[in-house]
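Undergrad: What follows is input22.txt, compact mmCIF, C-alpha atoms and all ligand atoms.
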# COMPACT_ATOMS: atom_id res chain seq x y z
CA MET A 213 21.20 -32.95 138.66
CA THR A 214 17.62 -31.92 138.18
CA THR A 215 15.43 -34.24 136.15
CA ALA A 216 12.91 -33.03 133.61
CA ALA A 217 10.10 -34.05 135.98
CA GLU A 218 11.66 -32.13 138.87
CA GLY A 219 12.12 -29.19 136.53
CA ARG A 220 8.36 -29.16 135.89
CA GLU A 221 7.63 -29.43 139.63
CA LEU A 222 9.91 -26.48 140.28
CA THR A 223 8.77 -24.17 137.52
CA GLN A 224 5.00 -24.59 137.18
CA VAL A 225 3.11 -22.12 139.33
CA GLY A 226 -0.52 -22.20 138.18
CA PRO A 227 -3.47 -23.23 140.40
CA GLY A 228 -3.14 -26.83 141.60
CA THR A 229 0.55 -27.20 140.77
CA MET A 230 2.91 -28.23 143.53
CA MET A 231 5.06 -25.08 143.50
CA GLY A 232 2.02 -22.91 142.87
CA GLN A 233 0.48 -24.27 146.07
CA LEU A 234 3.68 -23.55 148.00
CA MET A 235 3.75 -19.96 146.78
CA ARG A 236 0.08 -19.45 147.65
CA GLN A 237 0.97 -19.93 151.34
CA TYR A 238 2.78 -16.57 151.36
CA TRP A 239 1.91 -12.90 150.88
CA ILE A 240 2.99 -11.90 147.39
CA PRO A 241 4.18 -8.42 146.36
CA ALA A 242 1.95 -7.81 143.36
CA ALA A 243 1.79 -4.14 142.42
CA GLN A 244 3.09 -0.75 143.40
CA SER A 245 0.64 1.17 145.55
CA ALA A 246 1.00 4.09 143.12
CA GLU A 247 -0.40 1.98 140.27
CA LEU A 248 -3.83 2.07 141.87
CA VAL A 249 -5.64 5.38 142.04
CA ARG A 250 -8.74 5.89 144.20
CA ASP A 251 -11.77 5.37 141.95
CA GLY A 252 -9.30 5.14 139.03
CA ALA A 253 -8.93 2.61 136.25
CA PRO A 254 -8.44 -1.00 137.34
CA ILE A 255 -5.27 -2.76 136.17
CA ARG A 256 -4.90 -6.21 134.67
CA LEU A 257 -2.77 -8.23 137.06
CA MET A 258 -1.36 -11.61 136.08
CA LEU A 259 -0.20 -13.51 139.16
CA LEU A 260 0.77 -17.19 139.46
CA GLY A 261 -0.91 -17.84 136.13
CA GLU A 262 -4.23 -16.30 137.24
CA LYS A 263 -5.79 -13.40 135.41
CA LEU A 264 -6.79 -10.88 138.07
CA ILE A 265 -7.74 -7.24 138.27
CA ALA A 266 -6.71 -4.76 140.93
CA PHE A 267 -8.37 -1.46 141.79
CA ARG A 268 -8.59 1.08 144.60
CA ASP A 269 -12.06 1.97 145.83
CA THR A 270 -13.47 5.29 147.03
CA ALA A 271 -12.26 4.66 150.58
CA GLY A 272 -8.73 3.83 149.36
CA ARG A 273 -9.06 0.09 149.92
CA VAL A 274 -7.45 -2.22 147.37
CA GLY A 275 -9.46 -4.96 145.67
CA VAL A 276 -7.79 -7.88 143.89
CA MET A 277 -10.04 -10.44 142.21
CA ASP A 278 -10.45 -12.82 139.32
CA HIS A 279 -11.12 -10.68 136.27
CA ARG A 280 -14.23 -12.69 135.34
CA CYS A 281 -17.53 -11.38 136.54
CA PRO A 282 -19.32 -14.20 138.41
CA HIS A 283 -22.49 -13.50 136.40
CA ARG A 284 -21.45 -14.52 132.89
CA CYS A 285 -17.68 -14.04 132.92
CA ALA A 286 -17.31 -10.65 131.25
CA SER A 287 -14.01 -9.07 132.24
CA LEU A 288 -14.22 -6.76 135.22
CA PHE A 289 -11.16 -5.00 133.77
CA LEU A 290 -13.69 -3.13 131.67
CA GLY A 291 -15.71 -2.32 134.77
CA ARG A 292 -16.65 1.05 136.21
CA ASN A 293 -14.79 1.83 139.42
CA GLU A 294 -17.68 3.51 141.20
CA GLU A 295 -18.54 4.57 144.71
CA GLY A 296 -17.16 1.72 146.85
CA GLY A 297 -16.75 -1.04 144.28
CA ILE A 298 -16.37 -2.19 140.71
CA ARG A 299 -19.43 -2.46 138.49
CA CYS A 300 -19.46 -4.86 135.55
CA ILE A 301 -20.44 -2.99 132.40
CA TYR A 302 -22.34 -5.95 130.94
CA HIS A 303 -25.40 -6.09 133.25
CA GLY A 304 -24.32 -3.71 135.97
CA TRP A 305 -23.62 -6.09 138.85
CA LYS A 306 -21.30 -4.49 141.37
CA TYR A 307 -18.67 -5.95 143.74
CA ASP A 308 -16.85 -4.48 146.72
CA VAL A 309 -13.13 -5.08 147.39
CA ALA A 310 -13.93 -8.27 149.30
CA GLY A 311 -15.79 -9.65 146.26
CA ASN A 312 -19.30 -9.28 147.76
CA CYS A 313 -21.95 -8.59 145.17
CA VAL A 314 -23.48 -5.35 146.47
CA ASP A 315 -25.82 -4.58 143.60
CA MET A 316 -27.56 -6.82 141.09
CA ALA A 317 -28.85 -4.03 138.90
CA SER A 318 -30.31 -6.12 136.08
CA VAL A 319 -32.46 -8.36 138.32
CA PRO A 320 -35.89 -7.27 139.65
CA PRO A 321 -35.78 -6.74 143.44
CA HIS A 322 -37.93 -9.80 144.28
CA GLN A 323 -35.53 -12.06 142.34
CA ASP A 324 -32.33 -10.50 143.63
CA PHE A 325 -29.88 -13.07 145.01
CA LYS A 326 -26.82 -10.88 145.40
CA HIS A 327 -26.07 -12.20 148.90
CA LYS A 328 -25.39 -15.60 147.26
CA VAL A 329 -22.90 -14.29 144.68
CA LYS A 330 -19.27 -13.63 145.40
CA ALA A 331 -16.46 -12.65 143.08
CA LYS A 332 -13.26 -14.59 143.67
CA ALA A 333 -11.37 -11.94 145.63
CA TYR A 334 -8.01 -12.22 147.37
CA PRO A 335 -7.04 -10.31 150.51
CA ALA A 336 -4.67 -7.40 149.89
CA VAL A 337 -2.64 -5.20 152.22
CA GLU A 338 -0.13 -2.41 151.61
CA SER A 339 3.36 -2.08 153.07
CA ALA A 340 6.53 -0.36 151.84
CA GLY A 341 4.64 1.22 148.94
CA VAL A 342 3.64 -2.21 147.64
CA VAL A 343 0.33 -4.07 147.40
CA TRP A 344 0.67 -7.58 148.87
CA VAL A 345 -1.81 -10.28 147.92
CA TYR A 346 -2.63 -13.55 149.67
CA MET A 347 -3.86 -16.22 147.25
CA GLY A 348 -3.97 -19.13 149.68
CA SER A 349 -6.89 -20.76 151.41
CA ALA A 350 -5.95 -20.45 155.09
CA GLU A 351 -8.85 -19.18 157.17
CA LYS A 352 -6.50 -17.21 159.35
CA LEU A 353 -4.31 -14.94 157.24
CA PRO A 354 -0.60 -15.34 157.87
CA PRO A 355 1.44 -12.25 158.83
CA LEU A 356 3.65 -10.53 156.27
CA PRO A 357 7.21 -11.88 156.12
CA ALA A 358 9.32 -10.09 158.74
CA PHE A 359 12.00 -8.86 156.35
CA GLU A 360 14.11 -6.14 157.91
CA ILE A 361 13.28 -3.88 154.96
CA LEU A 362 9.66 -3.85 156.18
CA ASP A 363 10.87 -2.21 159.43
CA VAL A 364 11.92 0.82 157.37
CA PRO A 365 9.56 3.83 157.06
CA ASP A 366 7.91 3.80 153.62
CA ASP A 367 9.66 7.00 152.50
CA GLU A 368 13.06 5.36 153.05
CA VAL A 369 12.25 2.37 150.85
CA SER A 370 13.13 2.47 147.18
CA VAL A 371 10.76 0.28 145.16
CA THR A 372 11.69 -1.01 141.70
CA PHE A 373 9.62 -3.34 139.51
CA ILE A 374 10.95 -4.81 136.26
CA GLN A 375 9.30 -7.59 134.28
CA ARG A 376 11.46 -10.45 133.06
CA ASP A 377 10.36 -12.69 130.23
CA CYS A 378 11.28 -16.06 131.71
CA ASN A 379 10.39 -18.44 134.51
CA TYR A 380 10.93 -17.20 138.06
CA LEU A 381 13.43 -19.93 138.89
CA GLN A 382 16.04 -19.17 136.26
CA ALA A 383 15.76 -15.46 137.10
CA LEU A 384 16.19 -16.19 140.80
CA GLU A 385 19.08 -18.59 140.20
CA GLY A 386 20.98 -15.85 138.38
CA GLU A 387 20.99 -13.97 141.66
CA ILE A 388 22.45 -16.71 143.84
CA ASP A 389 25.11 -17.61 141.30
CA THR A 390 28.08 -15.56 142.42
CA ALA A 391 30.45 -17.38 140.05
CA HIS A 392 29.15 -15.46 137.04
CA PHE A 393 30.09 -12.05 138.36
CA GLY A 394 33.72 -12.12 137.27
CA TYR A 395 32.68 -13.14 133.76
CA LEU A 396 29.30 -11.81 132.66
CA HIS A 397 29.66 -8.50 134.48
CA ALA A 398 33.41 -8.00 134.77
CA GLY A 399 35.22 -10.45 132.49
CA HIS A 400 36.96 -7.55 130.73
CA VAL A 401 38.25 -5.85 133.86
CA ASP A 402 41.94 -6.22 134.77
CA PRO A 403 42.34 -5.98 138.55
CA ASP A 404 45.51 -3.91 138.09
CA ASP A 405 43.39 -1.17 136.52
CA VAL A 406 40.95 -0.94 139.41
CA PRO A 407 41.43 0.77 142.78
CA GLU A 408 41.75 -1.73 145.62
CA ASP A 409 38.78 -0.23 147.44
CA SER A 410 36.51 -0.66 144.42
CA PRO A 411 33.52 -2.92 145.10
CA VAL A 412 34.53 -5.12 142.14
CA TYR A 413 38.20 -5.45 143.05
CA HIS A 414 38.11 -8.71 144.99
CA THR A 415 35.62 -10.44 142.71
CA ILE A 416 37.93 -10.01 139.73
CA THR A 417 41.17 -10.73 141.59
CA HIS A 418 39.93 -14.24 142.32
CA ARG A 419 37.35 -15.16 139.74
CA ALA A 420 36.79 -18.70 141.02
CA PRO A 421 36.03 -18.26 144.73
CA GLU A 422 35.40 -21.02 147.23
CA TYR A 423 32.03 -21.28 148.91
CA HIS A 424 30.23 -22.46 151.93
CA VAL A 425 26.59 -23.35 151.32
CA ALA A 426 23.98 -24.38 153.87
CA ASP A 427 20.29 -24.59 154.63
CA VAL A 428 19.20 -21.83 156.98
CA PRO A 429 15.82 -21.26 158.66
CA TRP A 430 14.65 -18.86 155.91
CA GLY A 431 15.95 -20.92 152.96
CA THR A 432 19.55 -21.28 151.86
CA GLN A 433 22.70 -19.24 152.25
CA TYR A 434 26.11 -19.09 150.68
CA ALA A 435 29.32 -17.41 151.70
CA ALA A 436 31.90 -16.97 148.98
CA TYR A 437 35.35 -16.29 150.37
CA ARG A 438 38.61 -15.12 148.90
CA PRO A 439 41.89 -14.10 150.51
CA ALA A 440 42.17 -10.34 150.96
CA GLY A 441 45.69 -9.32 151.86
CA GLN A 442 47.87 -10.99 154.44
CA ASP A 443 45.52 -12.00 157.17
CA SER A 444 42.01 -11.21 156.06
CA ILE A 445 39.20 -12.70 154.05
CA TYR A 446 36.84 -10.99 151.62
CA TRP A 447 33.39 -12.45 152.27
CA ARG A 448 30.27 -12.26 150.14
CA PHE A 449 27.12 -13.58 151.80
CA ALA A 450 23.82 -14.08 150.01
CA ASN A 451 20.46 -15.71 150.72
CA PHE A 452 17.55 -17.42 149.11
CA LEU A 453 14.42 -16.85 151.19
CA PHE A 454 11.15 -18.74 150.72
CA PRO A 455 9.41 -18.81 148.38
CA PHE A 456 11.00 -16.57 145.69
CA TRP A 457 13.13 -13.96 147.45
CA VAL A 458 16.85 -13.31 147.36
CA GLN A 459 19.31 -11.06 149.09
CA VAL A 460 22.39 -10.41 146.99
CA PRO A 461 25.91 -9.48 148.02
CA ALA A 462 26.15 -6.25 145.99
CA GLY A 463 26.32 -3.91 148.99
CA GLU A 464 28.10 -3.35 152.29
CA PHE A 465 26.88 -5.99 154.69
CA ALA A 466 26.59 -3.49 157.55
CA SER A 467 23.74 -1.53 155.94
CA HIS A 468 22.56 -3.54 152.92
CA VAL A 469 18.95 -3.86 154.03
CA HIS A 470 16.91 -5.06 151.07
CA ALA A 471 14.89 -7.90 149.59
CA ARG A 472 14.40 -8.90 145.98
CA ALA A 473 11.38 -10.94 144.91
CA TRP A 474 11.02 -12.88 141.66
CA VAL A 475 7.25 -13.08 141.52
CA PRO A 476 5.86 -15.47 138.92
CA LEU A 477 3.27 -13.80 136.70
CA ASP A 478 2.90 -17.07 134.82
CA ASP A 479 5.34 -19.87 134.00
CA GLY A 480 7.19 -17.78 131.42
CA HIS A 481 7.06 -14.29 132.95
CA THR A 482 8.26 -12.90 136.23
CA MET A 483 8.05 -9.55 138.03
CA PHE A 484 11.20 -8.46 139.79
CA CYS A 485 10.22 -6.54 142.90
CA PHE A 486 13.15 -4.86 144.63
CA LEU A 487 12.75 -3.22 148.03
CA ARG A 488 15.87 -1.37 149.15
CA TRP A 489 16.71 0.83 152.12
CA LYS A 490 17.77 4.14 150.62
CA ARG A 491 20.25 4.75 153.44
CA GLY A 492 22.12 1.47 152.89
CA VAL A 493 25.37 1.33 150.93
CA SER A 494 25.00 -0.76 147.80
CA ALA A 495 25.66 -0.80 144.08
CA GLN A 496 22.49 1.28 143.62
CA SER A 497 23.58 3.99 146.06
CA GLN A 498 27.15 4.34 144.84
CA PRO A 499 28.45 6.05 141.69
CA GLN A 500 29.20 3.94 138.62
CA PRO A 501 32.44 1.99 139.25
CA SER A 502 35.50 3.37 137.49
CA TYR A 503 39.08 2.50 136.63
CA LYS A 504 42.05 4.08 138.42
CA ASP A 505 42.26 6.71 135.68
CA GLY A 506 38.67 7.76 136.29
CA ARG A 507 37.10 6.18 133.18
CA PRO A 508 33.85 4.35 133.97
CA ILE A 509 34.13 0.58 133.80
CA GLY A 510 32.44 -0.56 130.61
CA GLY A 511 29.18 -2.43 130.99
CA THR A 512 28.30 -0.88 134.34
CA GLY A 513 26.07 1.83 132.87
CA ARG A 514 23.15 2.87 135.02
CA GLY A 515 19.50 3.10 134.37
CA ASN A 516 17.00 0.57 133.14
CA ASN A 517 14.81 2.20 130.54
CA LEU A 518 11.23 1.11 130.83
CA LEU A 519 8.68 1.10 128.05
CA PRO A 520 5.45 2.88 128.89
CA ASN A 521 3.15 0.55 130.81
CA THR A 522 0.22 -0.82 128.85
CA THR A 523 -2.98 -2.40 130.12
CA ASP A 524 -1.96 -5.85 128.79
CA TRP A 525 -1.72 -8.80 131.17
CA LEU A 526 2.05 -8.63 130.72
CA GLY A 527 2.35 -4.92 129.93
CA ARG A 528 3.84 -3.52 133.14
CA PHE A 529 7.43 -2.45 133.80
CA ARG A 530 9.03 -3.90 130.68
CA LEU A 531 12.57 -2.93 129.63
CA ASP A 532 13.08 -1.30 126.24
CA LYS A 533 15.89 -3.81 125.61
CA ASN A 534 14.72 -7.36 125.09
CA GLU A 535 15.11 -10.37 122.84
CA SER A 536 13.66 -8.48 119.86
CA ASN A 537 16.65 -6.10 119.84
CA ASP A 538 19.24 -8.54 121.23
CA TRP A 539 19.17 -6.67 124.55
CA GLY A 540 21.17 -3.85 122.95
CA MET A 541 24.12 -6.12 122.13
CA ASN A 542 27.13 -4.10 120.96
CA ARG A 543 29.43 -6.54 119.13
CA ALA A 544 32.19 -3.93 118.71
CA ALA A 545 32.31 -3.37 122.48
CA GLN A 546 32.31 -7.15 123.01
CA GLN A 547 35.13 -7.69 120.52
CA SER A 548 37.31 -4.90 121.88
CA SER A 549 36.60 -6.07 125.45
CA GLU A 550 35.34 -2.68 126.39
CA ILE A 551 32.38 -4.69 127.71
CA TYR A 552 32.85 -8.43 128.17
CA SER A 553 29.23 -9.24 127.34
CA GLY A 554 28.69 -6.44 124.83
CA ILE A 555 25.60 -5.45 126.84
CA ASP A 556 25.61 -2.32 128.96
CA GLY A 557 24.15 -2.48 132.46
CA VAL A 558 24.46 -5.14 135.14
CA HIS A 559 20.72 -5.74 135.48
CA LEU A 560 20.32 -5.87 131.72
CA GLN A 561 23.17 -8.40 131.44
CA ASP A 562 21.40 -10.65 133.93
CA GLN A 563 18.09 -10.06 132.14
CA ALA A 564 19.59 -11.00 128.77
CA ILE A 565 21.29 -14.14 130.04
CA THR A 566 18.29 -15.56 131.86
CA GLU A 567 15.82 -14.62 129.11
CA SER A 568 18.17 -16.13 126.53
CA MET A 569 17.55 -19.58 128.09
CA GLY A 570 13.98 -19.45 126.80
CA PRO A 571 10.76 -19.05 128.79
CA VAL A 572 11.43 -22.13 130.94
CA THR A 573 14.87 -23.74 131.15
CA ASP A 574 15.06 -27.33 130.02
CA HIS A 575 16.72 -28.69 133.13
CA ALA A 576 17.51 -32.04 131.55
CA TRP A 577 19.85 -30.16 129.20
CA GLU A 578 22.10 -28.80 131.97
CA HIS A 579 25.50 -29.95 133.25
CA LEU A 580 25.73 -28.62 136.78
CA ALA A 581 29.17 -28.08 138.32
CA PRO A 582 30.45 -27.90 141.90
CA SER A 583 30.27 -24.10 141.55
CA ASP A 584 26.48 -24.52 141.18
CA GLN A 585 26.00 -26.00 144.64
CA MET A 586 23.94 -23.05 145.89
CA ILE A 587 21.59 -23.59 143.00
CA THR A 588 21.23 -27.33 143.50
CA ARG A 589 20.70 -26.89 147.24
CA THR A 590 18.08 -24.22 146.69
CA ARG A 591 16.18 -26.38 144.19
CA ARG A 592 16.26 -29.26 146.67
CA ARG A 593 15.04 -27.04 149.50
CA LEU A 594 12.13 -25.78 147.38
CA LEU A 595 11.22 -29.27 146.19
CA MET A 596 11.34 -30.79 149.67
CA ALA A 597 9.19 -28.02 151.15
CA ALA A 598 6.65 -28.19 148.32
CA ARG A 599 6.39 -31.98 148.56
CA ALA A 600 6.04 -31.83 152.36
CA LEU A 601 3.15 -29.41 151.91
CA ARG A 602 1.48 -31.52 149.22
CA ASP A 603 1.96 -34.90 150.88
CA ASN A 604 1.80 -34.11 154.61
CA ASN A 605 0.31 -30.64 154.87
CA VAL A 606 3.51 -29.30 156.42
CA LEU A 607 3.56 -25.52 156.06
CA PRO A 608 6.77 -24.24 154.45
CA PRO A 609 9.33 -22.08 156.30
CA GLY A 610 8.26 -18.64 157.44
CA VAL A 611 4.49 -19.00 157.01
CA GLU A 612 3.70 -19.64 160.66
CA HIS A 613 6.88 -18.03 161.94
CA PRO A 614 7.64 -15.10 159.64
CA GLU A 615 10.14 -13.75 162.17
CA ILE A 616 12.72 -16.21 160.80
CA PHE A 617 13.16 -13.87 157.83
CA HIS A 618 14.43 -11.08 160.03
CA ASP A 619 17.93 -12.52 160.36
CA GLY A 620 18.49 -12.66 156.60
CA ARG A 621 21.17 -10.17 155.53
CA SER A 622 23.59 -10.19 152.63
CA GLY A 623 26.58 -8.19 151.48
CA TYR A 624 30.34 -8.07 151.39
CA PHE A 625 32.93 -7.31 154.05
CA VAL A 626 36.60 -7.91 154.77
CA SER A 627 37.34 -9.52 158.10
CA ASP A 628 40.16 -11.14 160.01
CA ASP A 629 37.63 -13.09 162.10
CA LYS A 630 38.94 -16.66 162.08
CA GLY A 631 35.77 -18.30 163.39
CA PRO A 632 33.53 -20.78 161.55
CA TRP A 633 31.70 -19.03 158.72
CA GLN A 634 28.26 -19.02 160.27
CA GLU A 635 29.66 -17.51 163.45
CA VAL A 636 31.38 -14.87 161.35
CA TYR A 637 27.94 -14.14 159.87
CA ALA A 638 26.24 -13.92 163.25
CA ARG A 639 28.90 -11.52 164.58
CA GLN A 640 28.67 -9.30 161.49
CA LEU A 641 24.89 -9.28 161.75
CA ALA A 642 25.00 -8.32 165.42
CA ALA A 643 27.38 -5.43 164.62
CA ALA A 644 25.42 -4.28 161.56
CA VAL A 645 23.19 -1.22 161.24
CA HIS A 646 19.53 -2.07 161.82
CA PRO A 647 16.94 0.41 160.63
CA SER A 648 14.69 -0.14 163.60
CA PRO A 649 16.83 -0.48 166.70
CA ILE A 650 15.80 -3.37 168.87
CA PRO A 651 14.05 -1.85 171.90
CA LEU A 652 16.21 -1.93 174.99
CA ARG A 653 15.10 -4.45 177.54
CA ALA A 654 14.04 -3.03 180.85
CA ALA A 655 16.69 -3.33 183.53
CA GLU A 656 16.15 -6.31 185.79
S1 LIG A 701 -21.43 -10.56 133.11
FE1 LIG A 701 -21.07 -9.11 134.61
S2 LIG A 701 -23.02 -8.37 135.12
FE2 LIG A 701 -23.40 -9.85 133.61
FE FE A 702 24.51 -10.99 137.69
Before we go any further, please render this structure as structure tokens.

TA:
Amino acid sequence: MTTAAEGRELTQVGPGTMMGQLMRQYWIPAAQSAELVRDGAPIRLMLLGEKLIAFRDTAGRVGVMDHRCPHRCASLFLGRNEEGGIRCIYHGWKYDVAGNCVDMASVPPHQDFKHKVKAKAYPAVESAGVVWVYMGSAEKLPPLPAFEILDVPDDEVSVTFIQRDCNYLQALEGEIDTAHFGYLHAGHVDPDDVPEDSPVYHTITHRAPEYHVADVPWGTQYAAYRPAGQDSIYWRFANFLFPFWVQVPAGEFASHVHARAWVPLDDGHTMFCFLRWKRGVSAQSQPQPSYKDGRPIGGTGRGNNLLPNTTDWLGRFRLDKNESNDWGMNRAAQQSSEIYSGIDGVHLQDQAITESMGPVTDHAWEHLAPSDQMITRTRRRLLMAARALRDNNVLPPGVEHPEIFHDGRSGYFVSDDKGPWQEVYARQLAAAVHPSPIPLRAAE
């Protein structure tokens, strides 16, 4: 079980908190590159409980900094994005993307002390169409995590952001909780009505699968397994990767190159950042699942409708369905079992369930079951790493050696391989499609 105190350690992400410090060791996907226009309006960016702004300067460089002007704390969100920096509209002081004060307009030249003033700026880089921010204090910047999706050319990466109104942990745990699939998403589906090659077939034939769960170099991993025919096993592998990433099984293992981040905006709000290889086979690349007679399976509707972005701290990439409209709950569809949950759309079902727990789950209220072992192991792994950092300055996994993330892959496959599960994984991974082929070694 997780105590109330551990729950606080796990879920609080602001400056100085234990988990907040852990997350600040890593590069964080913070915005879409397209949100920032050269010399365009800055955006308000809430990240790990800090109120920041982001803008793109005349040269195309991205600046991310505390929104408060170091002079007298007016918000730089209101600033003028001018030639090579942002100028506070209160007294006209100007800062470049690194936070250097480059003009102290309101001070006579002989009293100018701009070289002594620095806005609190964080380093930012761009990769895969995303702005990544480093909020830690290391003098030497760590490399980006070596996810396989970052090997893919930018134009082959699909980028999706969706805000979720709850703590990052409960959102993330929904993704490593394979036991809910046969209920929340497919509780109304009779396996006899579904073609055997449908991606949902095996998950509904055996709704209570067995699992293997283990720590792995990049975090934790589970393998759910169910019999598939005479001699084969249907496997679903998934990963948690430090500090807030997951790889889910909803795609063919051989090409399911992706990574999903649950980036804390503050303790009660999270930005889902989904990077997916467009050429991989997954739920997002396939048509809506249907019954044998061709009717679409209820509840698997596509499309997440976003509200227009606003300039609010929490105004980006919000769904039009939320607690205020019961996430579009259709009680008639629920009652008739056209849709088990009554909510249409797999992502929206997950959104509704995790937001319904409240902004931060009260962990002391839970009754965890053996089917939750991936969740308990992941919490433990996060807690241990965060405490080791706090107490002994031990850097968490993947900061110094980001290459450990490269071997993370998830997905489903049917196999008659009788080996131990982690060897089955290694063999599948070796045989999988890799977007950037490993260079051939020179002949010896
Ligand atoms: S508060 Fe920004 S220049 Fe004075
Ligand atoms: Fe789900």

Undergrad: For Val401 of chain A, work out the shell of residues within 10 Å, counting all atoms listed in the file and skipping chain neighbours fewer than 6 positions away, then give it as a VMD selection string.

TA: chain A and resid 394 to 395 412 to 413 416 to 417 503 509 to 510 549 to 552

Undergrad: Save out the residues we just selected, C-alpha atoms, as a compact mmCIF listing (two decimals), keeping the file's coordinate frame.

TA:
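In the end it all went to selection_16.txt:
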# COMPACT_ATOMS: atom_id res chain seq x y z
CA GLY A 394 33.72 -12.12 137.27
CA TYR A 395 32.68 -13.14 133.76
CA VAL A 412 34.53 -5.12 142.14
CA TYR A 413 38.20 -5.45 143.05
CA ILE A 416 37.93 -10.01 139.73
CA THR A 417 41.17 -10.73 141.59
CA TYR A 503 39.08 2.50 136.63
CA ILE A 509 34.13 0.58 133.80
CA GLY A 510 32.44 -0.56 130.61
CA SER A 549 36.60 -6.07 125.45
CA GLU A 550 35.34 -2.68 126.39
CA ILE A 551 32.38 -4.69 127.71
CA TYR A 552 32.85 -8.43 128.17

Undergrad: Quick one: distance from atom CA of Pro571 of chain A to atom CA of Asn379 of chain A in Å, one decimal?

TA: 5.8 Å

Undergrad: Can you work out the spacing between atom CA of Glu615 of chain A and atom CA of Tyr380 of chain A in Å, to one decimal?

TA: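 Between atom CA of Glu615 of chain A and atom CA of Tyr380 of chain A the gap is 24.4 Å.
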
Undergrad: Excluding Phe267 of chain A and any residue of its chain fewer than 4 positions from it, enumerate the residues within 6 Å of it, using only C-alpha atoms, and give them as an MDAnalysis selection string.

TA: chainID A and resid 248 254 274:275

Undergrad: Kindly give the distance, in Å, that separates atom CA of Ser502 of chain A and atom CA of Val406 of chain A, rounded to a single decimal.

TA: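 These two atoms are separated by 7.2 Å.
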
Undergrad: Hey, which residues come within 6 Å of ligand LIG 701 (chain A) if we count all atoms listed in the file? Could you give them as a list in words?

TA: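 These are the residues that qualify: Cys281, His283, Arg284, Cys285, Ala286, Cys300, Tyr302, His303, Gly304 and Trp305 of chain A.
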